[in-house]
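Trainee: Got a structure for you, run.txt, holding compact mmCIF, C-alpha atoms.
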# COMPACT_ATOMS: atom_id res chain seq x y z
CA MET T 1 0.00 0.00 0.00
CA LEU T 2 1.27 3.48 -0.82
CA TYR T 3 1.15 6.44 1.54
CA ALA T 4 1.36 9.38 -0.80
CA SER T 5 2.77 12.61 0.55
CA ASP T 6 0.26 15.44 0.32
CA PRO T 7 1.94 18.68 -0.77
CA ILE T 8 -1.25 20.70 -0.09
CA ILE T 9 -0.89 20.13 3.65
CA THR T 10 2.68 21.46 3.67
CA MET T 11 1.57 24.57 1.78
CA ASN T 12 -1.33 25.02 4.16
CA GLU T 13 1.00 24.94 7.14
CA LYS T 14 3.01 27.82 5.67
CA TYR T 15 -0.11 29.78 4.84
CA ILE T 16 -1.55 29.25 8.29
CA GLN T 17 1.73 30.25 9.96
CA THR T 18 1.90 33.41 7.83
CA ILE T 19 -1.70 34.28 8.58
CA GLY T 20 -1.07 33.62 12.28
CA LEU T 21 2.00 35.87 12.28
CA ALA T 22 0.13 38.68 10.51
CA LEU T 23 -2.73 38.29 12.96
CA ILE T 24 -0.44 38.44 16.00
CA VAL T 25 1.36 41.53 14.68
CA THR T 26 -1.90 43.34 13.83
CA TYR T 27 -3.71 42.41 17.04
CA GLY T 28 -0.58 43.19 19.08
CA ALA T 29 -0.26 46.62 17.46
CA PHE T 30 -3.91 47.31 18.22
CA ILE T 31 -3.40 46.36 21.88
CA ILE T 32 -0.29 48.58 22.15
CA PHE T 33 -2.32 51.41 20.60
CA LEU T 34 -5.14 50.87 23.12
CA TYR T 35 -2.82 51.02 26.10
CA ALA T 36 -0.89 54.00 24.72
CA ALA T 37 -3.93 56.05 23.68
CA GLU T 38 -6.14 54.98 26.62
CA PRO T 39 -9.51 55.76 25.02
CA ARG T 40 -12.27 56.27 27.57
CA SER T 41 -15.07 54.88 25.39
CA ILE T 42 -15.58 52.74 22.30
CA GLU T 43 -16.41 55.87 20.26
CA GLU T 44 -13.16 57.50 21.31
CA ILE T 45 -11.13 54.64 19.82
CA SER T 46 -11.62 55.82 16.23
CA LEU T 47 -10.85 59.42 17.19
CA LYS T 48 -7.63 58.40 18.94
CA ALA T 49 -6.73 56.13 16.03
CA ARG T 50 -7.05 59.05 13.59
CA THR T 51 -4.88 61.27 15.80
CA THR T 52 -2.27 58.53 16.15
CA VAL T 53 -2.15 57.99 12.38
CA GLU T 54 -1.80 61.75 11.74
CA ASP T 55 1.03 61.95 14.30
CA ALA T 56 2.76 58.96 12.75
CA VAL T 57 2.45 60.48 9.26
CA SER T 58 3.91 63.84 10.32
CA ARG T 59 6.77 62.13 12.19
CA GLY T 60 7.43 60.03 9.12
CA GLN T 61 7.56 63.23 7.06
CA VAL T 62 10.07 64.72 9.50
CA ILE T 63 12.27 61.63 9.22
CA ALA T 64 11.99 61.62 5.44
CA GLY T 65 12.70 65.36 5.29
CA THR T 66 9.44 66.15 3.52
CA TYR T 67 7.70 67.77 6.47
CA GLU T 68 5.66 70.87 5.65
CA ILE T 69 3.20 72.85 7.68
CA ASP T 70 -0.48 72.79 6.81
CA GLN T 71 -0.78 76.08 4.90
CA ALA T 72 -4.57 76.27 5.11
CA LYS T 73 -4.52 75.96 8.89
CA PHE T 74 -1.66 78.45 9.06
CA ASN T 75 -3.65 81.03 7.08
CA GLU T 76 -6.67 80.39 9.28
CA ALA T 77 -4.48 80.90 12.36
CA LEU T 78 -3.01 84.10 10.94
CA ARG T 79 -6.49 85.54 10.37
CA ALA T 80 -7.44 84.74 13.98
CA PHE T 81 -4.13 86.26 15.18
CA ARG T 82 -4.80 89.51 13.35
CA GLN T 83 -8.30 89.64 14.84
CA ASP T 84 -6.73 89.33 18.32
CA ASN T 85 -8.35 85.94 18.80
CA PHE T 86 -5.16 84.48 20.25
CA VAL T 87 -6.50 81.24 21.75
CA ALA T 88 -8.04 80.15 18.44
CA ALA T 89 -4.94 81.35 16.60
CA ARG T 90 -2.63 79.27 18.76
CA ASP T 91 -4.84 76.23 18.36
CA SER T 92 -4.68 76.55 14.58
CA PHE T 93 -0.94 77.30 14.59
CA GLU T 94 -0.33 74.16 16.65
CA ARG T 95 -2.42 72.08 14.28
CA ALA T 96 -0.62 73.60 11.30
CA ASP T 97 2.76 72.65 12.79
CA PRO T 98 2.15 69.58 14.99
CA GLU T 99 5.83 68.66 15.08
CA ARG T 100 6.90 72.21 16.08
CA ARG T 101 9.44 72.31 13.29
CA ASP T 102 8.58 75.59 11.59
CA PRO T 103 10.26 78.69 13.12
CA ARG T 104 7.75 81.11 11.57
CA THR T 105 4.76 79.30 13.12
CA GLN T 106 6.52 78.99 16.47
CA PHE T 107 7.34 82.71 16.37
CA TYR T 108 3.67 83.52 15.85
CA ILE T 109 2.75 81.25 18.76
CA ALA T 110 5.24 83.13 20.96
CA TYR T 111 3.89 86.45 19.70
CA SER T 112 0.30 85.39 20.41
CA PHE T 113 1.26 84.62 24.02
CA TYR T 114 2.93 88.03 24.24
CA ARG T 115 -0.02 89.94 22.84
CA GLN T 116 -2.55 88.03 24.93
CA GLY T 117 -0.52 88.50 28.10
CA TRP T 118 0.31 92.15 27.53
CA GLY T 119 -1.53 94.64 29.76
CA ARG T 120 -1.38 98.37 30.06
CA VAL T 121 -1.13 98.18 33.85
CA SER T 122 0.33 94.72 34.37
CA ASN T 123 1.28 91.70 32.25
CA ASP T 124 0.22 88.08 32.63
CA ASP T 125 3.43 86.41 33.81
CA ALA T 126 2.25 82.87 33.03
CA LEU T 127 1.57 83.73 29.38
CA PHE T 128 4.84 85.63 29.10
CA LYS T 129 6.72 82.58 30.38
CA LEU T 130 5.01 80.41 27.77
CA ALA T 131 5.98 82.99 25.16
CA LEU T 132 9.61 82.77 26.26
CA GLU T 133 9.51 78.97 25.87
CA SER T 134 8.23 79.36 22.32
CA VAL T 135 10.91 81.96 21.56
CA GLU T 136 13.59 79.52 22.70
CA ARG T 137 12.13 76.94 20.30
CA VAL T 138 12.38 79.44 17.45
CA VAL T 139 16.05 80.10 18.29
CA LEU T 140 16.73 76.36 18.33
CA LEU T 141 15.11 75.92 14.92
CA ASN T 142 16.67 78.98 13.28
CA ARG T 143 19.11 81.20 15.16
CA ASP T 144 18.90 83.93 12.46
CA PHE T 145 15.13 83.94 12.13
CA ARG T 146 13.55 87.24 11.12
CA SER T 147 9.84 87.62 10.52
CA ASP T 148 8.71 89.18 7.23
CA ASP T 149 5.37 90.31 8.74
CA THR T 150 5.36 94.11 8.69
CA ASN T 151 2.48 94.21 11.19
CA LEU T 152 4.82 92.96 13.91
CA GLN T 153 7.01 95.52 15.59
CA LEU T 154 9.20 92.87 17.16
CA ARG T 155 10.57 90.95 14.20
CA THR T 156 13.32 88.81 15.71
CA PRO T 157 13.40 86.34 18.62
CA ALA T 158 15.94 88.57 20.40
CA GLU T 159 13.62 91.59 20.30
CA LEU T 160 10.66 89.55 21.47
CA ARG T 161 12.69 87.89 24.24
CA SER T 162 13.90 91.28 25.46
CA GLU T 163 10.35 92.63 25.58
CA LEU T 164 9.12 89.54 27.44
CA GLN T 165 11.93 89.58 29.99
CA GLU T 166 11.34 93.26 30.61
CA GLY T 167 7.66 92.54 31.15
CA LEU T 168 8.43 89.80 33.65
CA GLU T 169 10.76 91.89 35.79
CA VAL T 170 9.53 94.39 38.38
CA THR T 171 11.52 97.61 38.04
CA VAL T 172 11.14 101.27 39.06
CA ASP T 173 9.89 101.98 35.52
CA ASP T 174 6.82 99.88 36.24
CA PHE T 175 5.56 102.68 38.53
CA ASN T 176 5.94 105.35 35.87
CA PRO T 177 2.41 106.70 35.15
CA LEU T 178 3.41 107.34 31.53
CA ARG T 179 3.38 103.57 31.04
CA LEU T 180 -0.39 103.80 30.85
CA ILE T 181 -0.16 105.46 27.45
CA ARG T 182 2.29 102.96 25.94
CA GLU T 183 1.16 100.77 23.07
CA ARG T 184 1.33 97.05 22.52
CA LYS T 185 3.94 96.07 19.96
CA MET M 1 -7.92 -1.96 0.84
CA THR M 2 -7.11 -3.45 -2.55
CA GLU M 3 -3.91 -2.74 -4.41
CA ASN M 4 -5.81 -0.47 -6.79
CA GLU M 5 -7.02 1.79 -4.03
CA VAL M 6 -5.01 4.89 -3.27
CA GLU M 7 -5.32 6.49 0.12
CA HIS M 8 -4.75 10.19 0.60
CA VAL M 9 -3.30 10.80 3.98
CA GLY M 10 -1.63 13.69 5.70
CA PHE M 11 1.82 12.26 6.30
CA ALA M 12 4.76 13.95 4.70
CA ASP M 13 6.81 10.76 4.73
CA VAL M 14 6.39 8.43 1.83
CA THR M 15 6.54 4.78 2.60
CA GLY M 16 5.94 2.17 0.10
CA GLU M 17 6.71 -1.27 -0.98
CA LEU M 18 8.45 -2.35 -4.13
CA VAL M 19 6.05 -3.50 -6.74
CA GLU M 20 6.93 -5.64 -9.61
CA GLU M 21 7.05 -3.95 -12.99
CA SER M 22 4.26 -6.11 -14.27
CA SER M 23 2.00 -5.00 -11.41
CA VAL M 24 2.60 -1.33 -12.24
CA GLU M 25 1.68 -2.01 -15.81
CA ASP M 26 -1.42 -3.78 -14.59
CA LEU M 27 -2.30 -0.76 -12.54
CA ALA M 28 -1.68 1.53 -15.48
CA VAL M 29 -3.99 -0.38 -17.73
CA SER M 30 -6.72 -0.74 -15.13
CA LYS M 31 -9.93 1.01 -15.91
CA ALA M 32 -10.35 4.37 -14.20
CA ALA M 33 -13.55 3.16 -12.62
CA GLU M 34 -11.66 0.45 -10.81
CA ILE M 35 -9.33 2.89 -9.03
CA LYS M 36 -11.05 4.05 -5.88
CA VAL M 37 -9.76 7.11 -4.09
CA VAL M 38 -10.22 6.80 -0.37
CA ARG M 39 -10.10 10.18 1.34
CA SER M 40 -9.04 10.37 4.91
CA ASP M 41 -9.80 12.98 7.59
CA VAL M 42 -6.19 12.98 8.76
CA GLY M 43 -5.21 15.89 6.48
CA ARG M 44 -8.14 17.94 7.66
CA SER M 45 -7.33 17.29 11.32
CA VAL M 46 -3.69 18.30 10.77
CA ASN M 47 -4.85 21.56 9.21
CA GLN M 48 -7.22 22.06 12.11
CA LYS M 49 -4.30 21.60 14.49
CA TYR M 50 -2.32 24.29 12.69
CA VAL M 51 -5.30 26.65 12.76
CA VAL M 52 -5.73 26.08 16.49
CA ARG M 53 -2.01 26.56 17.16
CA TYR M 54 -1.31 29.59 14.98
CA VAL M 55 -4.68 31.35 14.78
CA VAL M 56 -7.09 30.36 17.56
CA LEU M 57 -4.47 30.18 20.33
CA PRO M 58 -2.94 33.63 19.59
CA VAL M 59 -6.42 35.15 19.36
CA VAL M 60 -7.34 33.70 22.77
CA LEU M 61 -4.06 34.83 24.35
CA LEU M 62 -4.12 38.29 22.78
CA THR M 63 -7.72 38.78 23.89
CA VAL M 64 -6.54 38.06 27.42
CA THR M 65 -3.73 40.59 26.83
CA MET M 66 -6.19 43.20 25.64
CA LEU M 67 -8.78 42.77 28.38
CA GLY M 68 -6.45 41.98 31.31
CA GLY M 69 -5.78 45.63 32.06
CA LEU M 70 -9.29 46.87 31.36
CA ARG M 71 -11.32 48.36 34.20
CA LEU M 72 -14.61 50.22 34.16
CA ASN M 73 -14.88 53.47 36.04
CA ALA M 74 -17.40 53.28 38.87
CA GLY M 75 -18.75 56.76 38.17
CA ASP M 76 -19.48 56.80 34.44
CA SER M 77 -18.43 53.27 33.36
CA SER M 78 -15.77 54.75 31.10
CA LEU M 79 -12.89 52.52 30.03
CA ILE M 80 -9.64 52.55 31.97
CA PHE M 81 -6.64 50.74 30.48
CA LEU M 82 -4.11 49.98 33.22
CA LYS M 83 -0.58 49.15 32.18
CA PRO M 84 0.92 46.17 34.05
CA ALA M 85 3.17 46.74 37.06
CA LEU M 86 6.78 45.61 36.81
CA LEU M 87 6.00 42.80 39.26
CA ALA M 88 3.45 41.39 36.81
CA LEU M 89 6.21 40.99 34.22
CA ILE M 90 8.48 39.30 36.78
CA PHE M 91 5.71 36.89 37.81
CA ALA M 92 4.99 36.13 34.16
CA ALA M 93 8.66 35.32 33.57
CA ILE M 94 8.70 33.01 36.62
CA LEU M 95 5.51 31.30 35.46
CA LEU M 96 6.94 30.73 31.99
CA ALA M 97 10.04 29.22 33.59
CA LEU M 98 7.67 26.98 35.53
CA PHE M 99 5.95 25.92 32.30
CA PHE M 100 9.31 24.94 30.82
CA ARG M 101 10.45 23.15 33.99
CA SER M 102 7.29 21.10 34.28
CA GLY M 103 7.44 20.05 30.63
CA MET M 104 4.19 21.77 29.84
CA ILE M 105 6.12 23.59 27.13
CA ARG M 106 9.23 22.00 25.67
CA LEU M 107 11.61 24.64 24.40
CA ASP M 108 13.27 22.26 21.93
CA GLY M 109 9.81 21.44 20.61
CA TRP M 110 9.15 25.10 19.79
CA PHE M 111 12.53 26.17 18.45
CA ALA M 112 14.85 23.96 16.44
CA GLU M 113 17.46 24.35 13.76
CA ASP M 114 15.67 21.96 11.45
CA PHE M 115 12.47 24.02 11.58
CA SER M 116 11.95 26.54 8.83
CA MET M 117 12.56 30.22 9.63
CA LEU M 118 8.83 30.87 9.23
CA LYS M 119 7.92 28.16 11.72
CA ASN M 120 10.46 29.36 14.28
CA THR M 121 9.19 32.94 13.89
CA ALA M 122 5.54 31.91 14.16
CA ASN M 123 6.36 29.82 17.25
CA ALA M 124 8.22 32.74 18.81
CA ALA M 125 5.20 34.97 18.19
CA VAL M 126 2.87 32.44 19.86
CA LEU M 127 5.18 32.17 22.88
CA LEU M 128 5.38 35.97 23.05
CA SER M 129 1.58 36.07 23.06
CA LEU M 130 1.62 33.62 25.99
CA PHE M 131 4.04 35.86 27.89
CA ALA M 132 1.93 38.96 27.21
CA ALA M 133 -1.26 37.15 28.26
CA THR M 134 0.38 35.87 31.45
CA THR M 135 1.58 39.38 32.30
CA GLN M 136 -1.88 40.80 31.76
CA LEU M 137 -3.49 38.02 33.78
CA PHE M 138 -1.33 39.05 36.74
CA ASN M 139 -2.25 42.66 35.98
CA SER M 140 -5.88 41.58 36.19
CA LEU M 141 -5.55 39.60 39.42
CA LEU M 142 -3.23 41.86 41.41
CA PRO M 143 -4.90 44.70 43.30
CA GLU M 144 -3.97 48.03 41.76
CA GLN M 145 -2.41 49.79 44.73
CA GLY M 146 -1.96 50.02 48.47
CA LEU M 147 -1.53 47.32 51.07
CA PRO M 148 -3.60 44.64 49.22
CA PHE M 149 -1.26 44.94 46.22
CA TRP M 150 1.78 44.09 48.32
CA ILE M 151 0.05 41.31 50.27
CA ILE M 152 -1.25 39.55 47.15
CA CYS M 153 2.10 40.09 45.41
CA PHE M 154 3.85 38.44 48.32
CA CYS M 155 1.43 35.47 48.21
CA PHE M 156 1.97 35.07 44.45
CA PHE M 157 5.72 35.32 44.82
CA TRP M 158 5.77 32.80 47.68
CA THR M 159 3.69 30.27 45.73
CA LEU M 160 5.55 30.68 42.45
CA TRP M 161 8.95 30.55 44.12
CA ASN M 162 8.03 27.33 45.96
CA ASN M 163 6.62 25.82 42.78
CA LEU M 164 9.82 26.62 40.95
CA PHE M 165 11.68 24.05 43.06
CA ALA M 166 8.93 21.45 43.30
CA ASP M 167 8.56 18.42 41.06
CA PHE M 168 5.57 19.06 38.87
CA ASP M 169 3.89 17.26 36.09
CA THR M 170 1.71 19.14 33.65
CA LYS M 171 -1.55 17.97 35.15
CA LYS M 172 -0.63 19.02 38.68
CA LEU M 173 0.71 22.36 37.49
CA PHE M 174 -2.45 23.09 35.51
CA ARG M 175 -4.64 22.32 38.53
CA SER M 176 -2.40 24.27 40.86
CA LEU M 177 -2.57 27.32 38.59
CA GLY M 178 -6.33 27.03 38.35
CA GLY M 179 -6.56 27.05 42.14
CA LEU M 180 -4.06 29.91 42.50
CA PHE M 181 -5.75 32.17 39.97
CA GLY M 182 -9.21 31.27 41.27
CA LEU M 183 -8.24 32.25 44.81
CA ALA M 184 -6.66 35.51 43.65
CA PHE M 185 -9.81 36.31 41.66
CA VAL M 186 -12.02 35.69 44.69
CA ALA M 187 -9.77 37.82 46.91
CA LYS M 188 -9.79 40.77 44.53
CA TYR M 189 -13.16 40.74 42.80
CA LEU M 190 -15.32 39.34 45.58
CA ILE M 191 -13.75 40.18 48.93
CA LEU M 192 -11.93 43.45 48.23
CA ALA M 193 -14.59 44.65 45.77
CA ASN M 194 -17.25 44.13 48.42
CA LEU M 195 -15.21 46.10 50.95
CA THR M 196 -15.09 49.08 48.60
CA ALA M 197 -17.60 51.86 49.20
CA PRO M 198 -19.79 52.93 46.26
CA ALA M 199 -18.36 55.80 44.21
CA ASN M 200 -21.51 57.85 43.70
CA GLU M 201 -21.96 58.69 47.36
CA SER M 202 -20.61 61.86 48.89
CA TRP M 203 -17.99 61.51 51.60
CA ILE M 204 -20.38 62.42 54.41
CA GLN M 205 -23.16 60.23 53.01
CA GLY M 206 -20.67 57.37 52.77
CA ILE M 207 -19.58 57.81 56.39
CA LEU M 208 -23.20 57.81 57.56
CA GLU M 209 -24.51 54.97 55.40
CA ASN M 210 -21.47 52.73 54.89
CA PRO M 211 -19.00 53.54 57.65
CA THR M 212 -17.19 50.18 57.48
CA LYS M 213 -16.82 50.23 53.72
CA GLU M 214 -15.64 53.84 53.77
CA ALA M 215 -13.09 52.94 56.43
CA PHE M 216 -11.79 49.93 54.48
CA THR M 217 -11.67 51.92 51.24
CA TRP M 218 -9.66 54.63 52.94
CA LEU M 219 -7.41 52.30 54.94
CA LEU M 220 -6.67 49.85 52.14
CA ASP M 221 -6.59 52.53 49.41
CA LEU M 222 -9.08 50.53 47.33
CA PRO M 223 -9.89 51.81 43.83
CA ARG M 224 -13.57 52.10 42.92
CA PHE M 225 -14.47 50.22 39.77
CA ALA M 226 -17.84 49.35 38.26
CA ALA M 227 -19.22 45.86 38.88
CA GLY M 228 -18.74 45.05 35.20
CA THR M 229 -14.99 44.90 35.77
CA GLY M 230 -15.32 41.66 37.72
CA TYR M 231 -17.35 40.05 34.94
CA ILE M 232 -14.78 41.02 32.31
CA GLN M 233 -11.90 39.74 34.42
CA PHE M 234 -13.68 36.44 35.11
CA PHE M 235 -13.92 36.00 31.34
CA VAL M 236 -10.21 36.87 31.06
CA ALA M 237 -9.15 34.28 33.66
CA ALA M 238 -11.33 31.60 32.05
CA LEU M 239 -9.97 32.46 28.60
CA TYR M 240 -6.40 32.23 29.87
CA MET M 241 -7.00 28.75 31.28
CA LEU M 242 -8.51 27.76 27.92
CA GLY M 243 -5.40 29.11 26.23
CA LEU M 244 -3.18 26.99 28.50
CA PHE M 245 -5.33 23.95 27.79
CA LEU M 246 -4.93 24.46 24.04
CA PHE M 247 -1.20 25.12 24.28
CA PRO M 248 0.76 22.19 22.83
CA ALA M 249 3.93 21.03 24.56
CA SER M 250 5.77 20.79 21.29
CA THR M 251 5.38 21.57 17.62
CA ALA M 252 8.16 19.21 16.55
CA GLY M 253 7.15 16.62 13.97
CA ASP M 254 3.55 17.76 14.32
CA SER M 255 3.19 15.02 16.84
CA THR M 256 -0.24 14.18 18.06
CA GLU M 257 0.90 14.20 21.70
CA LYS M 258 -1.52 15.79 24.10
CA HIS M 259 -1.20 16.95 27.61
CA ASP M 260 -2.72 14.84 30.28
CA ARG M 261 -4.76 17.59 31.89
Show the structure stored in the file as structure tokens.

Mentor:
Amino acid sequence: MLYASDPIITMNEKYIQTIGLALIVTYGAFIIFLYAAEPRSIEEISLKARTTVEDAVSRGQVIAGTYEIDQAKFNEALRAFRQDNFVAARDSFERADPERRDPRTQFYIAYSFYRQGWGRVSNDDALFKLALESVERVVLLNRDFRSDDTNLQLRTPAELRSELQEGLEVTVDDFNPLRLIRERK
Amino acid sequence: MTENEVEHVGFADVTGELVEESSVEDLAVSKAAEIKVVRSDVGRSVNQKYVVRYVVLPVVLLTVTMLGGLRLNAGDSSLIFLKPALLALIFAAILLALFFRSGMIRLDGWFAEDFSMLKNTANAAVLLSLFAATTQLFNSLLPEQGLPFWIICFCFFWTLWNNLFADFDTKKLFRSLGGLFGLAFVAKYLILANLTAPANESWIQGILENPTKEAFTWLLDLPRFAAGTGYIQFFVAALYMLGLFLFPASTAGDSTEKHDR
């Protein structure tokens, strides 16, 4: 009696092992995503997944050297900035440059903190400190950065940093009544 | 079976007997109707075994991995995914060592030079799934914080450490683990959960209506989870035991050996 070898079974083993491997990798990645994103409901899973994919894409672009800011969101942010709607402007600037790689966008974020925190009588120290952090990011990205926006009176990180540091310090000049007629830059 | 019958079976080895040339000719000239093909279920069962080993088993273990750290918030039943503590990973490593020592998993039956690269990789992935599931099972059964966490951790460590030096066979180990996990489940999801005060009460209301539970919750630093958490974790523990039951000791030679559990 002959026991014929069955080549189909051998092929099936390989297919099943490949399918199993793919399944483990996919399911494992999903589990890692769940524990990293920590969605609070089933509906939130898709939202978090979209955010994760967008983050991964922009990081991939940074690695590949093809990263660009979202121009539409930048323009939207600039409109809000010029209308003194600084919170909305910052939100749009951050979405336009999620990887914080563009010095121009980061400079506008710093400037929005400055303008929002500026006060005729006193400044908001917390916002000024955040502005300083953003200015430092701009310097790290481009030491020689100079804004081409003619509406801004402070065009370089050094000028903006100087204004912010002055605003954070308490000096005798702060009690000068003429300060009440000064203008925001 | 007559000499004209050909049996299709699932063995890779070919065995045969020498047939005289005249017989082969006879076979060749036989009418097609006379050659009966006898199909066997062996091939199907081998395929089924591969599906169980490389598809069903990982799905079971990864489901345990996914749900092991899931808790439901007592207030709004929102999902909370808790990452495992470092001790859970250490316990999982000890338990895997125990599996190897007891012969429940034979390392040389899962990795070998004469296996194909694909088979070794697939086997490694299945074993990794087992490690992840074991870690998450400990994450599920260990209390999250406070004194109960350290007490239960100590009990687990004591038991696993003792087992590491005991002579086990697979059957005894399987039963011992069932008992160990069952007890840990009862301690956490029945005893400690029932000592926890409800979350939707105010502090003063809790003191007035449930003074003992409030005291235990405060003293033992018990987290407040929804009742659904216990149901999910019962499913997780049961699924893990099913995964262990399905786990073959070896994949070498596609042997039909089974655990005596």

Trainee: May I ask which of the residues M:Leu72, M:Leu246, M:Ala125, M:Pro148 is the closest one to Leu21 in chain T, counting all atoms listed in the file?

Mentor: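 Residue with the minimum atom-to-atom distance to Leu21 in chain T: M:Ala125.
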
Trainee: Can you pull out every residue within 7 Å of Leu132 in chain T, counting all atoms listed in the file, but drop anything in the same chain fewer than 5 positions away, and send it as a ChimeraX atom specification?

Mentor: /T:110,161,164

Trainee: If you count all atoms listed in the file, which residues fall within 9 Å of Asp169 in chain M, apart from same-chain ones fewer than 5 positions away, as a list in words?

Mentor: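 Final neighbour list, sorted by chain and number: Ser102, Gly103, Met104 and Phe174 of chain M.
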
Trainee: Between CA of Leu140 in chain T and CA of Glu183 in chain T, measure the distance and give it in Å to one decimal.

Mentor: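 Atom-to-atom, CA of Leu140 in chain T and CA of Glu183 in chain T are spaced 29.3 Å apart.
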
Trainee: Would you pick out the contacts of Arg100 in chain T at 12 Å or less, using only C-alpha atoms, so that residues sharing its chain but fewer than 2 positions from it are not included, and give the list as a list in words?

Mentor: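 Within the cut-off, the hits are Asp55, Ser58, Arg59, Val62, Tyr67, Glu68, Ile69, Asp70, Phe93, Glu94, Arg95, Ala96, Asp97, Pro98, Asp102, Pro103, Arg104, Thr105, Gln106, Phe107, Tyr108, Ile109, Ser134, Val135, Glu136, Arg137, Val138, Leu140 and Leu141 of chain T.
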
Trainee: Can you tell me how far CA of Thr212 in chain M sits from CA of Tyr189 in chain M, in Å to one decimal?

Mentor: 17.9 Å

Trainee: Please compute the CA of Ala237 in chain M-CA of Thr196 in chain M distance, one decimal, in Å.

Mentor: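 These atoms are spaced 21.9 Å apart.
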
Trainee: Would you mind listing what lies within 10 Å of range 163-165 of chain M as a ChimeraX atom specification, with all atoms listed in the file counted and same-chain residues fewer than 5 positions away left out?

Mentor: /M:94-95,97-99,101-102,157-158,173,176

Trainee: As a VMD selection string, please: the residues near Leu34 in chain T (cut-off 12 Å, all atoms listed in the file, same-chain neighbours under 6 positions excluded).

Mentor: (chain T and resid 27 to 28 40 to 42 44 to 49 52) or (chain M and resid 65 to 67 69 to 70 79 to 83)

Trainee: Considering all atoms listed in the file, state which residue in the set M:Val126, M:Ala74, M:Val56, M:Met117 is at the smallest distance from Val25 in chain T.

Mentor: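 Smallest distance to Val25 in chain T is found for M:Val126.
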
Trainee: Considering all atoms listed in the file, tabulate each residue of range 139-163 of chain M that lies at most 8 Å from range 222-226 of chain M along with its nearest interatomic pair and the corresponding distance in Å to one decimal; arrange the rows by chain and ascending residue number and present them as a Markdown table.

Mentor:
| residue | atom | partner | partner_atom | distance |
| --- | --- | --- | --- | --- |
| M:Glu144 | CA | M:Pro223 | CA | 7.3 |
| M:Gln145 | CA | M:Leu222 | CA | 7.2 |
| M:Gly146 | CA | M:Leu222 | CA | 7.2 |

Trainee: What would range 74-85 of chain T look like with N, CA and C atoms restored, written as an mmCIF file, in the frame of the given file?

Mentor:
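The resulting result-v7.cif:
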data_model
loop_
_atom_site.group_PDB
_atom_site.id
_atom_site.type_symbol
_atom_site.label_atom_id
_atom_site.label_comp_id
_atom_site.auth_asym_id
_atom_site.auth_seq_id
_atom_site.Cartn_x
_atom_site.Cartn_y
_atom_site.Cartn_z
ATOM 1 N N PHE T 74 -2.522 77.308 8.712
ATOM 2 C CA PHE T 74 -1.660 78.450 9.060
ATOM 3 C C PHE T 74 -2.357 79.766 8.701
ATOM 4 N N ASN T 75 -2.955 79.806 7.509
ATOM 5 C CA ASN T 75 -3.650 81.030 7.080
ATOM 6 C C ASN T 75 -4.839 81.334 7.995
ATOM 7 N N GLU T 76 -5.532 80.262 8.358
ATOM 8 C CA GLU T 76 -6.670 80.390 9.280
ATOM 9 C C GLU T 76 -6.189 80.964 10.620
ATOM 10 N N ALA T 77 -5.048 80.447 11.086
ATOM 11 C CA ALA T 77 -4.480 80.900 12.360
ATOM 12 C C ALA T 77 -4.060 82.368 12.259
ATOM 13 N N LEU T 78 -3.478 82.722 11.120
ATOM 14 C CA LEU T 78 -3.010 84.100 10.940
ATOM 15 C C LEU T 78 -4.181 85.088 10.962
ATOM 16 N N ARG T 79 -5.283 84.677 10.361
ATOM 17 C CA ARG T 79 -6.490 85.540 10.370
ATOM 18 C C ARG T 79 -6.958 85.754 11.820
ATOM 19 N N ALA T 80 -7.006 84.639 12.572
ATOM 20 C CA ALA T 80 -7.440 84.740 13.980
ATOM 21 C C ALA T 80 -6.460 85.599 14.783
ATOM 22 N N PHE T 81 -5.166 85.479 14.483
ATOM 23 C CA PHE T 81 -4.130 86.260 15.180
ATOM 24 C C PHE T 81 -4.340 87.750 14.932
ATOM 25 N N ARG T 82 -4.637 88.088 13.694
ATOM 26 C CA ARG T 82 -4.800 89.510 13.350
ATOM 27 C C ARG T 82 -6.108 90.082 13.895
ATOM 28 N N GLN T 83 -7.044 89.174 14.214
ATOM 29 C CA GLN T 83 -8.300 89.640 14.840
ATOM 30 C C GLN T 83 -8.198 89.598 16.378
ATOM 31 N N ASP T 84 -6.994 89.418 16.881
ATOM 32 C CA ASP T 84 -6.730 89.330 18.320
ATOM 33 C C ASP T 84 -7.444 88.167 19.007
ATOM 34 N N ASN T 85 -7.762 87.151 18.220
ATOM 35 C CA ASN T 85 -8.350 85.940 18.800
ATOM 36 C C ASN T 85 -7.196 84.943 19.027
#
